[in-house]
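Next comes data.cif, a file with mmCIF, C-alpha atoms.
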```cif
data_start
loop_
_atom_site.label_atom_id
_atom_site.label_comp_id
_atom_site.auth_asym_id
_atom_site.auth_seq_id
_atom_site.Cartn_x
_atom_site.Cartn_y
_atom_site.Cartn_z
CA ASP A 1 41.89 75.65 29.11
CA ASP A 2 44.88 73.32 29.58
CA GLY A 3 47.31 76.16 28.97
CA ARG A 4 48.47 75.05 25.52
CA VAL A 5 49.02 77.67 22.83
CA ILE A 6 47.99 76.80 19.27
CA ASP A 7 50.44 77.98 16.66
CA GLY A 8 48.79 80.02 13.89
CA ARG A 9 50.46 77.97 11.19
CA ASP A 10 49.15 74.72 12.70
CA LEU A 11 45.66 76.18 12.83
CA ALA A 12 45.90 77.24 9.17
CA ARG A 13 47.07 73.78 8.15
CA ALA A 14 44.18 72.19 10.08
CA ILE A 15 41.67 74.47 8.36
CA HIS A 16 43.13 73.63 4.95
CA ARG A 17 42.85 69.92 5.72
CA VAL A 18 39.18 70.37 6.58
CA PHE A 19 38.49 72.17 3.30
CA ASP A 20 40.49 69.56 1.38
CA LEU A 21 38.40 66.82 3.00
CA ARG A 22 35.15 68.58 2.08
CA ALA A 23 36.35 68.99 -1.50
CA SER A 24 37.28 65.31 -1.64
CA LEU A 25 33.85 64.27 -0.36
CA ALA A 26 32.17 66.51 -2.94
CA ASP A 27 34.27 64.94 -5.70
CA ILE A 28 33.33 61.47 -4.51
CA ALA A 29 29.62 62.37 -4.48
CA ASP A 30 29.83 63.80 -8.01
CA ALA A 31 31.64 60.72 -9.23
CA LEU A 32 29.04 58.41 -7.72
CA ALA A 33 26.18 60.42 -9.23
CA THR A 34 27.86 60.32 -12.64
CA ARG A 35 28.43 56.60 -12.37
CA LEU A 36 24.81 55.98 -11.44
CA VAL A 37 23.63 57.88 -14.51
CA CYS A 38 26.13 56.12 -16.73
CA CYS A 39 25.11 52.75 -15.37
CA GLU A 40 21.50 53.09 -16.54
CA PRO A 41 21.17 50.59 -19.39
CA SER A 42 20.79 52.01 -22.86
CA PHE A 43 17.71 51.29 -24.93
CA GLU A 44 19.73 48.82 -27.01
CA SER A 45 20.71 47.00 -23.81
CA LEU A 46 17.07 46.94 -22.73
CA LEU A 47 16.08 45.51 -26.12
CA ASN A 48 18.64 42.75 -25.78
CA MET A 49 17.52 42.03 -22.23
CA GLY A 50 13.89 42.05 -23.35
CA ASP A 51 14.62 39.56 -26.13
CA ARG A 52 16.28 37.20 -23.67
CA LEU A 53 13.47 37.52 -21.16
CA VAL A 54 10.81 36.83 -23.80
CA GLU A 55 12.69 33.65 -24.70
CA THR A 56 12.33 32.41 -21.10
CA LYS A 57 8.51 32.30 -21.41
CA PHE A 58 8.34 33.62 -17.84
CA LEU A 59 6.92 37.02 -18.77
CA PRO A 60 3.19 37.82 -18.83
CA ASP A 61 1.43 36.68 -21.99
CA HIS A 62 0.82 40.21 -23.25
CA ILE A 63 4.58 40.82 -23.64
CA LYS A 64 5.43 39.27 -27.00
CA THR A 65 8.64 41.04 -28.06
CA GLY A 66 11.79 42.44 -26.56
CA ALA A 67 10.74 45.92 -27.69
CA GLN A 68 7.50 45.65 -25.69
CA ALA A 69 9.47 44.51 -22.66
CA ALA A 70 11.88 47.43 -23.06
CA ALA A 71 9.02 49.93 -23.33
CA ILE A 72 7.44 48.59 -20.14
CA ILE A 73 10.76 48.69 -18.29
CA LEU A 74 11.22 52.33 -19.32
CA ALA A 75 7.69 53.17 -18.19
CA GLY A 76 8.40 51.45 -14.90
CA ARG A 77 11.63 53.41 -14.49
CA GLU A 78 9.61 56.64 -14.58
CA LEU A 79 7.44 55.22 -11.79
CA GLY A 80 10.45 54.17 -9.71
CA MET A 81 10.07 50.45 -10.40
CA GLN A 82 12.79 47.86 -10.86
CA PRO A 83 12.62 46.08 -14.26
CA MET A 84 11.06 42.81 -13.11
CA ARG A 85 8.50 44.60 -10.94
CA ALA A 86 7.53 46.69 -13.96
CA LEU A 87 7.21 43.62 -16.18
CA ARG A 88 4.95 41.94 -13.61
CA SER A 89 2.83 44.98 -12.82
CA LEU A 90 2.54 47.10 -15.96
CA SER A 91 1.21 46.86 -19.48
CA LEU A 92 0.80 49.45 -22.23
CA VAL A 93 -2.54 49.91 -23.98
CA LYS A 94 -2.72 52.48 -26.77
CA GLY A 95 0.20 54.37 -25.27
CA LYS A 96 -1.26 54.44 -21.76
CA VAL A 97 0.28 52.69 -18.78
CA THR A 98 -2.02 50.24 -17.02
CA GLU A 99 -1.20 49.14 -13.49
CA ALA A 100 -3.38 47.17 -11.09
CA ALA A 101 -5.01 49.27 -8.40
CA ASP A 102 -3.30 47.27 -5.64
CA SER A 103 0.10 48.05 -7.14
CA GLN A 104 -0.72 51.76 -7.39
CA LEU A 105 -1.84 51.83 -3.76
CA ALA A 106 1.33 50.04 -2.65
CA ARG A 107 3.47 52.65 -4.43
CA PHE A 108 1.41 55.44 -2.88
CA LYS A 109 2.08 54.08 0.60
CA SER A 110 5.76 53.54 -0.16
CA ASP A 111 5.88 57.19 -1.19
CA GLY A 112 4.65 58.20 2.27
CA GLY A 113 0.91 58.28 1.63
CA ARG A 114 -1.73 56.76 3.87
CA ALA A 115 -4.99 55.03 3.00
CA GLU A 116 -7.91 53.51 4.88
CA PHE A 117 -11.22 52.13 3.69
CA ARG A 118 -14.01 53.67 5.76
CA THR A 119 -16.59 51.50 4.00
CA LEU A 120 -16.03 48.51 1.74
CA ASP A 121 -18.83 46.15 0.78
CA GLU A 122 -20.70 45.00 -2.30
CA ALA A 123 -22.59 48.28 -2.62
CA MET A 124 -20.04 50.96 -1.80
CA ALA A 125 -16.34 51.69 -1.37
CA VAL A 126 -15.32 54.76 0.65
CA LEU A 127 -11.57 55.36 0.75
CA TRP A 128 -9.76 57.95 2.89
CA LEU A 129 -6.39 59.07 1.52
CA LYS A 130 -3.65 61.26 2.93
CA HIS A 131 -1.13 62.57 0.42
CA PRO A 132 2.56 62.62 1.44
CA ASN A 133 2.28 66.44 1.45
CA GLY A 134 -0.52 66.30 4.03
CA ASP A 135 -3.56 66.81 1.77
CA GLU A 136 -6.53 64.57 2.58
CA HIS A 137 -9.31 63.28 0.36
CA VAL A 138 -12.24 60.88 0.65
CA GLU A 139 -13.21 58.98 -2.51
CA THR A 140 -16.55 57.21 -2.83
CA PHE A 141 -17.54 54.82 -5.59
CA THR A 142 -20.84 52.94 -5.45
CA ILE A 143 -22.55 50.25 -7.43
CA THR A 144 -24.94 52.99 -8.59
CA ASP A 145 -21.96 54.85 -10.04
CA ALA A 146 -20.87 51.67 -11.79
CA VAL A 147 -24.34 51.20 -13.27
CA ALA A 148 -24.45 54.83 -14.44
CA ALA A 149 -21.07 54.37 -16.14
CA GLY A 150 -22.32 51.26 -17.95
CA LEU A 151 -19.91 48.98 -16.11
CA VAL A 152 -22.47 46.54 -14.71
CA GLN A 153 -23.32 43.93 -17.30
CA SER A 154 -25.06 40.61 -17.00
CA GLY A 155 -22.44 38.04 -15.98
CA GLY A 156 -19.73 40.73 -15.86
CA MET A 157 -17.08 41.35 -13.22
CA TYR A 158 -19.18 43.87 -11.30
CA GLN A 159 -21.86 41.24 -10.78
CA LYS A 160 -19.38 38.47 -9.98
CA TYR A 161 -16.99 40.44 -7.77
CA PRO A 162 -18.65 43.77 -6.91
CA LYS A 163 -16.63 44.41 -3.74
CA SER A 164 -13.27 43.95 -5.46
CA MET A 165 -14.26 46.02 -8.48
CA LEU A 166 -15.58 48.90 -6.37
CA ARG A 167 -12.42 48.79 -4.29
CA SER A 168 -10.19 49.05 -7.36
CA ARG A 169 -12.11 51.94 -8.86
CA ALA A 170 -12.12 53.84 -5.55
CA ILE A 171 -8.34 53.47 -5.35
CA THR A 172 -7.56 54.67 -8.87
CA ASN A 173 -10.11 57.49 -8.80
CA GLY A 174 -8.93 58.56 -5.35
CA LEU A 175 -5.23 58.66 -6.26
CA LYS A 176 -6.03 60.86 -9.26
CA SER A 177 -8.35 63.09 -7.24
CA ILE A 178 -5.76 63.74 -4.54
CA GLY A 179 -3.19 64.63 -7.19
CA TRP A 180 -0.55 62.02 -6.41
CA GLU A 181 2.16 62.35 -9.06
CA GLY A 182 2.88 58.61 -9.06
CA GLY A 183 -0.63 57.92 -10.29
CA ALA A 184 -0.60 60.43 -13.12
CA GLY A 185 -1.08 58.66 -16.43
CA ALA A 186 -1.52 55.23 -14.82
CA TYR A 187 -4.79 53.36 -15.23
CA ASP A 188 -6.16 50.17 -13.76
CA PRO A 189 -6.83 47.57 -16.49
CA ASP A 190 -10.55 47.86 -15.70
CA GLU A 191 -10.42 51.57 -16.58
CA MET A 192 -9.00 50.77 -20.00
CA SER A 193 -11.65 48.21 -20.83
CA PRO A 194 -14.14 49.50 -23.38
CA TYR A 195 -17.45 50.46 -21.87
CA PRO A 196 -20.50 48.66 -23.24
CA THR A 197 -22.11 50.42 -26.14
CA GLN A 198 -25.56 49.98 -24.62
CA ALA A 199 -26.61 50.38 -21.01
CA ALA A 200 -29.50 47.94 -20.87
CA PRO A 201 -32.15 49.17 -18.39
CA VAL A 202 -33.19 45.59 -17.64
CA GLN A 203 -29.66 44.66 -16.56
CA THR A 204 -29.40 47.79 -14.45
CA ALA A 205 -32.64 47.04 -12.65
CA THR A 206 -31.61 43.50 -11.76
CA ALA A 207 -27.95 44.26 -10.98
CA VAL A 208 -28.49 46.58 -8.01
CA PRO A 209 -30.75 44.27 -5.93
CA MET A 210 -28.40 41.35 -6.53
CA VAL A 211 -25.47 43.31 -5.12
CA ASN A 212 -27.30 44.90 -2.19
CA ALA A 213 -28.75 41.59 -1.13
CA ALA A 214 -25.36 39.89 -0.98
#
```
So, in terms of structure tokens, how does the structure I just supplied come out?
Amino acid sequence: DDGRVIDGRDLARAIHRVFDLRASLADIADALATRLVCCEPSFESLLNMGDRLVETKFLPDHIKTGAQAAAIILAGRELGMQPMRALRSLSLVKGKVTEAADSQLARFKSDGGRAEFRTLDEAMAVLWLKHPNGDEHVETFTITDAVAAGLVQSGGMYQKYPKSMLRSRAITNGLKSIGWEGGAGAYDPDEMSPYPTQAAPVQTATAVPMVNAA
């Protein structure tokens, strides 16, 4: 428009510079990716770190050895957790990862999911979930369900803190039901607790009125 004529050789050189720049950026990206992979600590490094952390006495009581700490850190890595977050939030029971329901829900929301309790009291927890991919699900867990599963025992957690326990079970059941990958293979500590060998009818009969009356 300004009347200038672009020499063909100048145009060719400009195009080559653009391609050279793109190639350089690609090389930089590859180098960064390689460095990130190489920078992941080896298992031996994790063992050494675990040993040092155990010596501090700052870790949860269930972590007794550096090997246990390393295993938990590796499990946390698969869930996208930093080492200290994993050590605070996770434990391994018979090869299964246990993670508090609150922590699972926080990861779900960080992953783009949404959650809202439609009902939450000492008799029922109703949780609405929206998966990051758009799927929706409503999970309901009641004190009747807890009784049927043999979870309500005299003096147990479901009698002492029914609202909190129902909330936790609704979260973990709901995240599995909606098919969130981050919850696959993760269990709340309550889910890993052994169920009572006997479901005493007398306890069941007295547990429900106590909860509903609260």
Name the residues that the PyMOL selection byres ((chain A and resi 104) around 10) picks from the file above, as a list in words, using the file's chain letters and numbers.
Leu79, Ser89, Thr98, Glu99, Ala100, Ala101, Asp102, Ser103, Leu105, Ala106, Arg107, Phe108, Lys109, Ser110, Ser168, Ile171, Thr172, Leu175, Gly182, Gly183, Ala186, Tyr187 and Asp188 of chain A
All file atoms of range 76-88 of chain A boxed axis-aligned, 4 Å per side, centre plus edges, as JSON:
```
{"center_x": 8.9, "center_y": 49.3, "center_z": -12.9, "size_x": 15.8, "size_y": 22.7, "size_z": 14.5}
```
Going by the chain IDs and residue numbers used in this file, which residues fall under the PyMOL selection byres ((chain A and resi 170) around 7)? Write them as JSON, numbers by chain.
{"A": [125, 127, 139, 140, 141, 166, 167, 168, 169, 171, 172, 173, 174]}
Polymer residues at most 12 Å from Met49 in chain A, only C-alpha atoms, same-chain spacing of 2 or more positions, as a list of chain:residue names
A:Pro41, A:Ser42, A:Phe43, A:Glu44, A:Ser45, A:Leu46, A:Leu47, A:Asp51, A:Arg52, A:Leu53, A:Val54, A:Glu55, A:Thr56, A:Thr65, A:Gly66, A:Ala67, A:Gln68, A:Ala69, A:Ala70, A:Ala71, A:Ile73, A:Pro83, A:Met84
How far is it from CA of Gly150 in chain A to CA of Phe117 in chain A, in Å with one decimal?
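Answer for the CA of Gly150 in chain A to CA of Phe117 in chain A separation: 24.3 Å.
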So which residues touch Lys163 in chain A within 7 Å, counting only C-alpha atoms, skipping near sequence neighbours fewer than 2 positions away, as JSON, numbers by chain?
{"A": [120, 121, 122, 161, 165, 166, 167]}
Need the shell around Ile72 in chain A: protein/DNA/RNA residues with any atom at most 8 Å away, counting only C-alpha atoms. Skip same-chain ones fewer than 4 positions apart. Format as a list in words?
Gln68, Gly76, Ala86, Leu87, Leu90, Ser91 and Leu92 of chain A
Apply the PyMOL selection byres ((chain A and resi 134) around 12) to the structure shown and report the selected residues as a list in words.
Gly112, Gly113, Arg114, Leu129, Lys130, His131, Pro132, Asn133, Asp135, Glu136, His137, Ile178, Gly179 and Trp180 of chain A
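Counting only C-alpha atoms, the residue from A:Lys64, A:Arg17, A:Leu74, A:Ala115 that sits nearest to Trp128 in chain A is A:Ala115.
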What is the CA of Gln82 in chain A-CA of Asp111 in chain A distance in Å, reported with one decimal?
15.1 Å
In Å, with one decimal, what is the gap from CA of Ala123 in chain A to CA of Ala148 in chain A?
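Taking CA of Ala123 in chain A and CA of Ala148 in chain A, their separation equals 13.6 Å.
Considering the residues A:Arg88, A:Arg9, A:Arg118, A:Lys176 and counting all atoms listed in the file, Asp61 in chain A has its shortest atom-to-atom contact with A:Arg88.
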